[in-house]
Structures are given as structure tokens and as C-alpha cells.
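Data first, discussion second: the structure below is written as C-alpha cells.
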Amino acid sequence: MIKKLSSNQIIRITDIEKRYGIDDMRIYAYQCGRYCNVVGEIIANEISNAFSLSCSVYDHAGDIVESLENDYYGDTIVTSSIKPEVFFDRYPFKFSIFLDKGVKVSKIRIVPN
Amino acid sequence: MSFEDSLLEILSSSDFDVFDRKCFENILDYLRSINRLYANLIMLAFDAGVFRDISAQFELDQEFFNEHIQCLKKDYGLTAGNAEWTVNACCTTYGANVLMLDCVYNTKFNKLDIGTSKTSIVDSRINTNYSVDAINMSDYSKGAKLPKSIVHRVIEAEKINNIDDMTLTVSNGKSIFDEFEETIKVVGEITSSGLPSNILIYLMVYNNSNELIGASFRTKIEKEECKGFASFTSSVSFPEGELVSKIVIRPVRDPSTIWKWK
């Protein structure tokens, strides 16, 4: 069964986002068994520097259970970096998260770095 | 605005956190001006971990419902009626309307007694780019072609990457392994007098609220391989049950070809 995370289960730090020129992010996340998939868009006309995104996953006890970088762009693991040279408004990103058995995601936090 | 409507508004706001009691107490002050008893009952439910437990569920069944009523009766001394009203209010507002969980329990209280608020909140979330042409994947069998009306090319990006034309066939690519997901398969061919660099084909799927629900960026076309034309096959998955309003196919210069030494 798929469980979509609500907007208040997705934590962002807008002060850090603004440092990279990000106006907004739209994020859609859902858990399906041991998989948690996050897909989103970066809203900005342009970004000031290259960055990747990190995602921290928390369970219902408030403990962090996973931490990872956004999926790479390309057919091999070369770069997860989002670069100004190729950036466009509504630039997509995603995270593919495999959880330990029984983990139920209570919230995620996504931060550029 | 009724108590339930106001509660739903609070629980839908980004300030609500199932772990932050102090913050919840502050935002609950407003509810006390509407009905002090109900507001206190909701605060007790927060302390008893009802909201936290709801957020960890996939559905709210009779066992969950009864267990939390018992908890409020036993640990907090609530009457049976007040305990049932409280758990039902939490399940209906936070569970059903915020987290979109199914409430599959029986109660003497009306589970949908928040009509006006529910409508206004849902409406405010719907993007004005709603497409009446959104399709339901279950209407298309495996391998069936999807309508071209949902396929969007980005001509500007094609020009930047020196692509003269692109032909695309988009179909239902669901496999037996996709139990809770849908997959769209895209087969395409580009014509180009020469690519300026390696490119990736980005696929982006949007639902009828114009939310991005699936993305793929692993398909690469190498500059050296494109001698007049090049073909590719790619796919993108997204959660079952979502309507699809559009799939965007966009060529992007391969970011790994850009290096800057610091």
C-alpha cells in the first residue's frame, strides 16, 4: 500500500535554499513498503552555484534512519550535482530510499549542500 | 467556522509537527476560543500520542480506533463518549483529510462532519493548470499506446542541443513487478546534424494537480553515437492511482561533461 507524505512531513530550510538562488521547491514523497520515493522540482530562474541535495529520513520515534544524496543524473554514478550550466526552472530531482524492515517514515528533511 | 473545520486548518498547516508539543499548544489556543472542552480533548490526544501514531499508519482500522479510545479512558480518565469523539476527530481531520488515510472503523460520530472545510482546503491545493485531458493508466492495458495529447516536448531545449526533430511513442510499460506503481515507457528517435555534447533525456510525469509525480534522467545519448540520428528507450515510474496530465520529454546536456577545477 502506498502512503503519501503530507506537506508538513517534509522539512525544508529555506534560508539555505536562498543561498543557492532557490525560490521554492515542490516535493512529492511516498512510502511503499520498504521503499520511500521522493521526487521534486526546484523553482528558480537560475542558480548561483552547483549543489546537490541531501535527504534525512526519520521514523516515528523521531530517530534518523537514513541519509542520502539525490539520485545521479546519467547512466552511471557520475554526478548528483545540479549545475547552473544545465539548470532550468522546475528542475527535477529524486531520491530512491530503501528502508530497513518495519520502518515507517514520519518525516523527511531535504537540504541543498 | 466549526471546531472541526478550524482544527483541520491547523493540522494542515506547515507549523504542525507531531513531535512539537509547545508549538501545538500555542496554535491550539485559537481553538480554545471556539470550544474549550474540545480543544482540551485534542490536547490530551496529542499528549497520548494519537497524532504521532496516526502518522505511522497506512490506514486507521477498528483495532487502532479502539486501542486509542481505551488509552484515553484508562490513562486520562475520559468518558467513553469523549474518548470516542476525540479519537474520531483526530482520525477524521489529521488521518483522513491531511494524510489521506482510509478510516475503516465504525463510530457513532459522523466521520465526514467537516464538509465545508474539506472542500476549501482541497480546492486551494489544486493548481490552476489542471488538465481536463488527464488519463487514468488503468484504462490502458500493458503495451497500449498513450494519447499524444499528454506528450510534451521542449522545443527550446531541443534547439539548444542542436536537435532538429524528435519522434516519440509513449505507452503503458507496467510490468508484473510494479505492484503499486505505474510505468510509462518512452521510445524515441532524434535527428541532429551533430550533438554539441553528450545529452540526457529527462522524463517528467505530472498528475492532474500539476505535481511532479515521477522523473527519470538516466538515458544518455553519446555525442559520438549520433550520426544524423539516434534512438533511445526510457521509462519512468510513479505511484498507482494518480491521474496523468502530461509527460515532458526534455533533452539536457549531460551534467557530467561539465567540470570546473577549483
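Residue numbering restarts at 1 in every chain; chains get A, B, ... in the order shown in the C-alpha cells, and ligands count up from 1 in that same order.
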
Handout entry: Proximal residues of chain B relative to chain A (only C-alpha atoms; 7 Å) as JSON, numbers by chain
Key = {"B": [13, 14, 16, 52, 55, 56, 58, 98, 99, 180, 200, 212, 213, 214, 215, 217, 218, 219, 220, 252, 253, 254, 255, 256]}

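Taking the backbone of this structure through DSSP, the residues of stretch 46-99 of chain A that come out as strand (DSSP E or B) are A:Phe51, A:Leu53, A:Ser54, A:Cys55, A:Ser56, A:Val57, A:Tyr58, A:Asp59, A:Ile64, A:Val65, A:Glu66, A:Ser67, A:Leu68, A:Glu69, A:Ile82, A:Tyr91, A:Pro92, A:Phe93, A:Lys94, A:Phe95, A:Ser96, A:Ile97, A:Phe98.
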
List the neighbours of B:Lys227 out to 10 Å using only C-alpha atoms; skip same-chain residues closer than 6 positions along the sequence, and give me the result as a PDB file with C-alpha atoms, in the first residue's frame.
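Result file is result-v1.pdb:
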ATOM      1  CA  THR B 191      17.550  13.686 -35.776  1.00  0.00           C
ATOM      2  CA  SER B 192      20.512  16.004 -35.485  1.00  0.00           C
ATOM      3  CA  SER B 193      23.340  17.194 -37.653  1.00  0.00           C
ATOM      4  CA  GLY B 194      25.568  16.755 -34.615  1.00  0.00           C
ATOM      5  CA  LEU B 195      25.125  16.995 -30.885  1.00  0.00           C
TER       6      LEU B 195
END

Problem - Residue neighbourhood stretch 138-150 of chain B, 8 Å, only C-alpha atoms, exclusion window fewer than 4 positions, as a VMD selection string - result: chain B and resid 133 to 134 169 to 175 244 to 247

If you keep N, CA, C and O atoms, can you produce a file of those selected residues as a tab-separated table (two decimals), in the first residue's frame?
chain	number	residue	atom	x	y	z
B	133	ASP	N	-7.61	16.77	-19.72
B	133	ASP	CA	-7.24	15.63	-20.55
B	133	ASP	C	-6.46	14.57	-19.77
B	133	ASP	O	-5.89	13.67	-20.36
B	134	ALA	N	-6.40	14.70	-18.44
B	134	ALA	CA	-5.64	13.74	-17.63
B	134	ALA	C	-6.17	12.33	-17.88
B	134	ALA	O	-7.37	12.12	-18.02
B	169	THR	N	7.13	7.58	-29.10
B	169	THR	CA	5.99	6.69	-28.87
B	169	THR	C	5.94	6.41	-27.37
B	169	THR	O	6.93	5.96	-26.77
B	170	VAL	N	4.81	6.72	-26.78
B	170	VAL	CA	4.68	6.60	-25.32
B	170	VAL	C	3.60	5.56	-25.02
B	170	VAL	O	2.49	5.62	-25.56
B	171	SER	N	3.95	4.60	-24.17
B	171	SER	CA	3.00	3.50	-23.91
B	171	SER	C	3.00	3.10	-22.44
B	171	SER	O	3.87	3.52	-21.66
B	172	ASN	N	2.03	2.28	-22.09
B	172	ASN	CA	1.96	1.75	-20.73
B	172	ASN	C	3.03	0.67	-20.58
B	172	ASN	O	2.95	-0.37	-21.22
B	173	GLY	N	4.02	0.92	-19.74
B	173	GLY	CA	5.13	-0.02	-19.58
B	173	GLY	C	5.09	-0.78	-18.29
B	173	GLY	O	6.12	-1.26	-17.81
B	174	LYS	N	3.92	-0.91	-17.70
B	174	LYS	CA	3.81	-1.58	-16.38
B	174	LYS	C	4.26	-3.03	-16.50
B	174	LYS	O	3.88	-3.73	-17.44
B	175	SER	N	5.05	-3.46	-15.54
B	175	SER	CA	5.50	-4.85	-15.54
B	175	SER	C	4.88	-5.57	-14.35
B	175	SER	O	4.25	-4.95	-13.48
B	244	VAL	N	-2.65	11.07	-14.91
B	244	VAL	CA	-1.50	11.67	-15.60
B	244	VAL	C	-2.01	12.76	-16.54
B	244	VAL	O	-2.82	12.51	-17.42
B	245	SER	N	-1.53	13.98	-16.31
B	245	SER	CA	-1.95	15.08	-17.19
B	245	SER	C	-0.94	15.31	-18.30
B	245	SER	O	-1.30	15.73	-19.39
B	246	LYS	N	0.35	15.06	-18.00
B	246	LYS	CA	1.34	15.24	-19.08
B	246	LYS	C	2.64	14.51	-18.73
B	246	LYS	O	2.94	14.28	-17.56
B	247	ILE	N	3.36	14.17	-19.79
B	247	ILE	CA	4.72	13.67	-19.63
B	247	ILE	C	5.61	14.56	-20.49
B	247	ILE	O	5.35	14.74	-21.68
